Amino acid sequence: MPHSLFTEEQLTLLEGVLDEYHEISGQRKVARKEAIVTRVTRKFVTVHHKNDIEATKKLQNSVKNWLNNWSWELTDEEEYFQKTNWFMVFTSENANQIKEETRKLTEVAPGSLGYVQYWRKAASALSKTLFDGKRQTYVDLAVEWNTKGVPKDVQMKQVRLHLTSFLQQALTKMYRQFGIRMMMFWGYESDGEIFQGM
């Protein structure tokens with residue numbers, strides 16, 4: 001049952017638990033959210049659904065989707081954007097060195113299955129070699145990036161590194177899930193230099 005087919009009474013019930021659903025965080029978050037979905041779904045189950053497991057599951061998914069979608073609406077910009085911590089700044093500023101250390105740990109190519117675990121080990125090992133003053137520099141940068149925003153050069157560096165693979169994943173997913181073939185043209189300007197692709 002898609003959310004547009006919920007009755008006024010059902011929408012009132014959903015709106016009644018929305019704040020509670022949105023505020024859940026911490027340990028067992030998933031289990032607590034599932035409990036709300038189950039509780040609401042039980043109230044929605046009609047005689048028609050009672051013995052139809054498939055219909056009940058569809059109804060439960062519709063309830064969950066509605067709560068998730070409307071929960072996002074309640075999320076303000078501060079909550080939505082991921083906060084930068086010192087480790088993110090460290091990995092951004094030392095990407096090449098981390099890549100070199102990762103190569104010493106494995107023959108797995110960047111982007112391949114299993115690469116990330118070695119990258120994490122290399123990044124963690126390098127971060128442990130920092131002396132307190134240097135680490136404080138990254139902490140200060142994280143505070144600055146959270147208040148003033150991530151600098152344009154850092155943003156563009158990330159775009160150059162990840163945009164092509166991100167778009168490729170999106171195109172592949174659209175084809176696998178929906179059978180839709182797409183073509184994208186993209187481009188951006190950075191320091192007077194134009195980058196483009198297809």
# chains A, B, ... in the order shown; residues from 1 in each chain; ligands from 1

$ select_by_dssp --residues "region 39-191 of chain A" --states "helix (DSSP H, G or I)" --output "number ranges by chain"
A: 39-44, 47-50, 53-74, 77-80, 86-93, 95-105, 115-127, 132-148, 152-178

$ select_by_dssp --residues "chain A" --states "strand (DSSP E)" --output "number ranges by chain"
A: 186-190, 193-197

$ closest_residue --among "A:Glu20, A:Asn68, A:Val63, A:Glu189" --to "Gln155 (chain A)" --atoms "only C-alpha atoms"
A:Glu189

$ residues_around --residues "region 97-103 of chain A" --least-positions-apart "2" --cutoff "12 Å" --atoms "only C-alpha atoms" --output "list of chain:residue names"
A:Phe90, A:Thr91, A:Ser92, A:Glu93, A:Asn94, A:Ala95, A:Leu105, A:Thr106, A:Glu107, A:Val108, A:Ala109, A:Pro110, A:Gly111, A:Gly114, A:Tyr115, A:Val116, A:Gln117, A:Tyr118, A:Trp119, A:Arg120, A:Lys121, A:Ala122, A:Ala123, A:Ser124, A:Ala125, A:Leu126, A:Ser127

$ residues_around --residues "Glu34 (chain A)" --least-positions-apart "3" --cutoff "12 Å" --atoms "only C-alpha atoms" --output "PyMOL selection string"
chain A and resi 21+24+28-31+37-41+60-61+63-65+67-68

$ write_last_selection --atoms "C-alpha atoms" --output "PDB file, in the first residue's frame"
ATOM      1  CA  TYR A  21      10.839   7.766  15.088  1.00  0.00           C
ATOM      2  CA  ILE A  24      15.801   7.656  17.872  1.00  0.00           C
ATOM      3  CA  ARG A  28      19.829  -0.461  19.095  1.00  0.00           C
ATOM      4  CA  LYS A  29      18.545   2.351  16.850  1.00  0.00           C
ATOM      5  CA  VAL A  30      17.509  -0.046  14.096  1.00  0.00           C
ATOM      6  CA  ALA A  31      15.682  -2.389  16.479  1.00  0.00           C
ATOM      7  CA  VAL A  37       7.126   0.186  12.320  1.00  0.00           C
ATOM      8  CA  THR A  38       5.763  -3.134  13.616  1.00  0.00           C
ATOM      9  CA  ARG A  39       3.537  -1.419  16.183  1.00  0.00           C
ATOM     10  CA  VAL A  40       2.032   0.924  13.576  1.00  0.00           C
ATOM     11  CA  THR A  41       1.645  -1.847  11.002  1.00  0.00           C
ATOM     12  CA  GLN A  60       5.081  -2.829   6.700  1.00  0.00           C
ATOM     13  CA  ASN A  61       7.485  -1.644   3.980  1.00  0.00           C
ATOM     14  CA  VAL A  63       4.943   2.275   6.721  1.00  0.00           C
ATOM     15  CA  LYS A  64       8.747   2.125   7.019  1.00  0.00           C
ATOM     16  CA  ASN A  65       9.247   4.082   3.778  1.00  0.00           C
ATOM     17  CA  LEU A  67       8.433   7.199   8.227  1.00  0.00           C
ATOM     18  CA  ASN A  68      11.937   7.286   6.705  1.00  0.00           C
TER      19      ASN A  68
END

$ closest_residue --among "A:Trp72, A:Phe6, A:Thr172, A:Lys33" --to "Val45 (chain A)" --atoms "only C-alpha atoms"
A:Phe6

$ residues_around --residues "Leu171 (chain A)" --least-positions-apart "5" --cutoff "8 Å" --atoms "only C-alpha atoms" --output "NGL selection string"
:A and (181-183)

$ atom_distance --atom1 "CA of Asn85 (chain A)" --atom2 "CA of Ala142 (chain A)"
5.3 Å

$ closest_atom_pairs --of "region 174-193 of chain A" --to "region 163-168 of chain A" --cutoff "12 Å" --atoms "only C-alpha atoms" --output "CSV"
residue,atom,partner,partner_atom,distance
A:Met174,CA,A:Gln168,CA,10.0
A:Tyr175,CA,A:Gln168,CA,10.8
A:Arg181,CA,A:Gln168,CA,11.6
A:Met182,CA,A:Gln168,CA,10.2
A:Met183,CA,A:Gln168,CA,9.8
A:Met184,CA,A:Leu167,CA,8.1
A:Phe185,CA,A:Leu167,CA,10.0
A:Trp186,CA,A:Thr164,CA,9.1
A:Gly187,CA,A:Leu163,CA,10.0
A:Tyr188,CA,A:Leu163,CA,10.6

$ atom_distance --atom1 "CA of Asp153 (chain A)" --atom2 "CA of Trp86 (chain A)"
17.8 Å

$ closest_residue --among "A:Lys173, A:Ile180, A:Asn96, A:Trp70" --to "Asp19 (chain A)" --atoms "only C-alpha atoms"
A:Trp70

$ closest_residue --among "A:Asp132, A:Ser71, A:Arg42, A:Gln177" --to "Val17 (chain A)" --atoms "only C-alpha atoms"
A:Ser71

$ atom_distance --atom1 "CA of Tyr138 (chain A)" --atom2 "CA of Val150 (chain A)"
13.0 Å
